[in-house]
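Everything on this sheet refers to the single structure shown next.
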Amino acid sequence: MTEREVSKVPHSKWVRALIWFNSASLIVCGVASFILQFFREKSKWAPTQFFIAIYWVFFGIISITVELELTIAKRFFGFAYTKFGQGLFFIFAGTLGMSFGVATSPAVLIPFIAGIVSILIGVACITDVALKKGGSRATVDGVV
């Protein structure tokens, strides 16, 4: 049996730029949040925030591999090859950032703001589906 080929449905140029921006911001904000956690008061430490920061770095890397259409992304992250799937992926990552809550500490404020931005970019990916002819389906074996 042959492996089914999944090709990515293209976004508009402005949404693609937002996707690249969000991918980079997930990595940068994840690393910054992880490092800034060490400078917080010991009484305000939350182990989940360390893990969420690490997840954000992985999510940014996943998003970049999908945009570069690497073989590993096609094999393991096929859901992100649809506009709707990629939008939900960014909304999920954004809600993780917003789970940090609002505070004056940069270790909490940076992920919160980046989470809001990620959600908005996820919505832009999904609305790009509604605005462009062709829908959110990826082509499998050339059949839509």
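Going by the structure tokens order, chains are called A, B, ..., each with residues numbered from 1, while ligands are numbered from 1 in the order shown.
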Might you pull out every residue within 9 Å of Gly97 (chain A), with only C-alpha atoms counted and same-chain residues fewer than 2 positions away left off, and present them as a list in words?
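So, after excluding close chain neighbours, the residues are Gln49, Ile52, Ala53, Trp56, Phe92, Ala93, Gly94, Thr95, Ser99, Phe100, Gly101, Val108, Ile110, Pro111, Phe112, Ile113, Ala114, Gly115, Ile116 and Ser118 of chain A.
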Just write the chosen residues, N, CA and C atoms, as a short mmCIF file (atom, residue, chain, number, x, y, z; two decimals), in the first residue's frame.
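Output below, filename part.cif:
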```
data_model
loop_
_atom_site.label_atom_id
_atom_site.label_comp_id
_atom_site.auth_asym_id
_atom_site.auth_seq_id
_atom_site.Cartn_x
_atom_site.Cartn_y
_atom_site.Cartn_z
N GLN A 49 3.68 26.53 34.28
CA GLN A 49 4.14 27.59 33.39
C GLN A 49 5.47 27.24 32.73
N ILE A 52 4.35 24.83 29.90
CA ILE A 52 3.67 25.55 28.83
C ILE A 52 4.69 26.32 27.99
N ALA A 53 5.69 26.90 28.63
CA ALA A 53 6.73 27.62 27.89
C ALA A 53 7.48 26.66 26.96
N TRP A 56 5.26 25.79 24.02
CA TRP A 56 5.20 26.87 23.05
C TRP A 56 6.37 26.81 22.07
N PHE A 92 -5.44 26.99 20.12
CA PHE A 92 -5.06 26.16 21.26
C PHE A 92 -3.79 26.69 21.93
N ALA A 93 -2.77 27.01 21.12
CA ALA A 93 -1.53 27.55 21.68
C ALA A 93 -1.79 28.87 22.39
N GLY A 94 -2.67 29.69 21.83
CA GLY A 94 -3.00 30.98 22.44
C GLY A 94 -3.70 30.83 23.78
N THR A 95 -4.60 29.85 23.88
CA THR A 95 -5.29 29.65 25.16
C THR A 95 -4.33 29.17 26.23
N SER A 99 -3.63 31.17 29.76
CA SER A 99 -3.83 30.49 31.05
C SER A 99 -2.85 30.99 32.12
N PHE A 100 -1.81 31.71 31.71
CA PHE A 100 -0.89 32.29 32.67
C PHE A 100 -1.57 33.37 33.50
N GLY A 101 -2.62 33.98 32.94
CA GLY A 101 -3.33 35.04 33.65
C GLY A 101 -2.67 36.39 33.42
N VAL A 108 4.69 36.46 33.18
CA VAL A 108 3.28 36.14 33.02
C VAL A 108 2.64 37.01 31.93
N ILE A 110 4.02 38.52 29.23
CA ILE A 110 4.45 38.23 27.85
C ILE A 110 3.65 37.07 27.25
N PRO A 111 3.52 35.92 27.94
CA PRO A 111 2.72 34.84 27.36
C PRO A 111 1.24 35.19 27.23
N PHE A 112 0.72 36.00 28.15
CA PHE A 112 -0.68 36.39 28.07
C PHE A 112 -0.95 37.20 26.80
N ILE A 113 -0.11 38.19 26.54
CA ILE A 113 -0.28 39.03 25.35
C ILE A 113 -0.02 38.21 24.08
N ALA A 114 1.03 37.40 24.09
CA ALA A 114 1.32 36.56 22.92
C ALA A 114 0.21 35.55 22.69
N GLY A 115 -0.44 35.09 23.75
CA GLY A 115 -1.57 34.18 23.62
C GLY A 115 -2.74 34.83 22.91
N ILE A 116 -3.02 36.08 23.26
CA ILE A 116 -4.10 36.81 22.60
C ILE A 116 -3.78 36.97 21.12
N SER A 118 -1.85 35.06 19.29
CA SER A 118 -1.94 33.75 18.65
C SER A 118 -3.40 33.38 18.36
#
```
Name the residues of region 17-143 of chain A that fall into alpha helix (DSSP H) according to DSSP on the backbone, using the chain letters and numbers of this document, as an MDAnalysis selection string.
chainID A and resid 17:37 47:67 71:76 83:98 106:131
Write to file, as an mmCIF file, in the first residue's frame, the residues of the selection just made, with C-alpha atoms.
```cif
data_model
loop_
_atom_site.group_PDB
_atom_site.id
_atom_site.type_symbol
_atom_site.label_atom_id
_atom_site.label_comp_id
_atom_site.auth_asym_id
_atom_site.auth_seq_id
_atom_site.Cartn_x
_atom_site.Cartn_y
_atom_site.Cartn_z
ATOM 1 C CA ALA A 17 2.991 36.495 6.977
ATOM 2 C CA LEU A 18 0.975 36.312 10.197
ATOM 3 C CA ILE A 19 1.646 32.567 10.456
ATOM 4 C CA TRP A 20 5.410 33.114 10.155
ATOM 5 C CA PHE A 21 5.203 35.919 12.727
ATOM 6 C CA ASN A 22 3.226 33.732 15.134
ATOM 7 C CA SER A 23 5.595 30.773 14.680
ATOM 8 C CA ALA A 24 8.578 32.950 15.571
ATOM 9 C CA SER A 25 6.737 34.602 18.455
ATOM 10 C CA LEU A 26 5.779 31.226 19.937
ATOM 11 C CA ILE A 27 9.438 30.231 20.029
ATOM 12 C CA VAL A 28 10.743 33.591 21.295
ATOM 13 C CA CYS A 29 8.006 34.064 23.898
ATOM 14 C CA GLY A 30 8.318 30.443 25.021
ATOM 15 C CA VAL A 31 12.053 30.813 25.601
ATOM 16 C CA ALA A 32 11.622 34.237 27.252
ATOM 17 C CA SER A 33 8.871 32.977 29.528
ATOM 18 C CA PHE A 34 10.926 29.931 30.512
ATOM 19 C CA ILE A 35 13.946 32.074 31.396
ATOM 20 C CA LEU A 36 11.909 34.746 33.186
ATOM 21 C CA GLN A 37 10.304 32.121 35.417
ATOM 22 C CA PRO A 47 5.484 24.337 37.445
ATOM 23 C CA THR A 48 2.812 24.307 34.760
ATOM 24 C CA GLN A 49 4.140 27.589 33.393
ATOM 25 C CA PHE A 50 7.542 25.990 32.792
ATOM 26 C CA PHE A 51 5.924 23.199 30.784
ATOM 27 C CA ILE A 52 3.670 25.549 28.830
ATOM 28 C CA ALA A 53 6.730 27.616 27.889
ATOM 29 C CA ILE A 54 8.426 24.459 26.597
ATOM 30 C CA TYR A 55 5.268 23.461 24.707
ATOM 31 C CA TRP A 56 5.200 26.871 23.045
ATOM 32 C CA VAL A 57 8.712 26.366 21.704
ATOM 33 C CA PHE A 58 7.670 22.976 20.304
ATOM 34 C CA PHE A 59 4.476 24.446 18.812
ATOM 35 C CA GLY A 60 6.519 27.148 17.078
ATOM 36 C CA ILE A 61 8.882 24.539 15.660
ATOM 37 C CA ILE A 62 5.928 22.417 14.497
ATOM 38 C CA SER A 63 4.369 25.425 12.801
ATOM 39 C CA ILE A 64 7.617 26.233 10.990
ATOM 40 C CA THR A 65 8.015 22.629 9.793
ATOM 41 C CA VAL A 66 4.462 22.744 8.433
ATOM 42 C CA GLU A 67 5.108 26.029 6.623
ATOM 43 C CA THR A 71 8.263 15.390 5.284
ATOM 44 C CA ILE A 72 8.103 14.935 9.059
ATOM 45 C CA ALA A 73 5.377 17.576 9.269
ATOM 46 C CA LYS A 74 3.327 15.866 6.571
ATOM 47 C CA ARG A 75 3.625 12.570 8.370
ATOM 48 C CA PHE A 76 2.934 13.592 11.969
ATOM 49 C CA LYS A 83 -6.520 26.131 7.103
ATOM 50 C CA PHE A 84 -9.061 25.228 9.751
ATOM 51 C CA GLY A 85 -6.660 22.810 11.461
ATOM 52 C CA GLN A 86 -3.869 25.361 11.539
ATOM 53 C CA GLY A 87 -6.250 27.988 12.900
ATOM 54 C CA LEU A 88 -7.366 25.680 15.713
ATOM 55 C CA PHE A 89 -3.724 24.837 16.417
ATOM 56 C CA PHE A 90 -2.931 28.541 16.960
ATOM 57 C CA ILE A 91 -6.069 29.084 19.035
ATOM 58 C CA PHE A 92 -5.056 26.159 21.263
ATOM 59 C CA ALA A 93 -1.525 27.552 21.676
ATOM 60 C CA GLY A 94 -2.996 30.977 22.443
ATOM 61 C CA THR A 95 -5.294 29.653 25.156
ATOM 62 C CA LEU A 96 -2.276 28.031 26.804
ATOM 63 C CA GLY A 97 -0.578 31.428 26.910
ATOM 64 C CA MET A 98 -3.672 33.106 28.285
ATOM 65 C CA PRO A 106 6.971 39.911 32.507
ATOM 66 C CA ALA A 107 7.091 36.121 32.962
ATOM 67 C CA VAL A 108 3.283 36.138 33.017
ATOM 68 C CA LEU A 109 2.413 39.198 30.936
ATOM 69 C CA ILE A 110 4.452 38.225 27.852
ATOM 70 C CA PRO A 111 2.718 34.838 27.361
ATOM 71 C CA PHE A 112 -0.682 36.387 28.065
ATOM 72 C CA ILE A 113 -0.283 39.026 25.346
ATOM 73 C CA ALA A 114 1.322 36.561 22.920
ATOM 74 C CA GLY A 115 -1.567 34.179 23.616
ATOM 75 C CA ILE A 116 -4.103 36.813 22.603
ATOM 76 C CA VAL A 117 -2.124 37.493 19.419
ATOM 77 C CA SER A 118 -1.942 33.753 18.648
ATOM 78 C CA ILE A 119 -5.706 33.410 19.058
ATOM 79 C CA LEU A 120 -6.295 36.339 16.712
ATOM 80 C CA ILE A 121 -3.957 34.826 14.117
ATOM 81 C CA GLY A 122 -5.768 31.500 14.488
ATOM 82 C CA VAL A 123 -9.050 33.278 13.803
ATOM 83 C CA ALA A 124 -7.421 34.926 10.762
ATOM 84 C CA CYS A 125 -6.445 31.463 9.462
ATOM 85 C CA ILE A 126 -10.006 30.225 9.866
ATOM 86 C CA THR A 127 -11.601 33.316 8.331
ATOM 87 C CA ASP A 128 -9.179 33.024 5.425
ATOM 88 C CA VAL A 129 -11.087 29.811 4.689
ATOM 89 C CA ALA A 130 -14.355 31.718 4.446
ATOM 90 C CA LEU A 131 -12.874 34.493 2.320
#
```
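Of the residues under consideration (A:Ser105, A:His11, A:Glu69, A:Ala80), A:Ser105 shows the shortest atom-to-atom contact distance to Phe38 (chain A) when counting only C-alpha atoms.
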What does the structure give for the distance between CA of Leu68 (chain A) and CA of Trp14 (chain A), in Å to one decimal?
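For CA of Leu68 (chain A) relative to CA of Trp14 (chain A), the distance reads 16.7 Å.
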Secondary structure check, strand (DSSP E or B) residues of region 6-142 of chain A, as a list in words
Val6, Ser7, Thr139 and Val140 of chain A
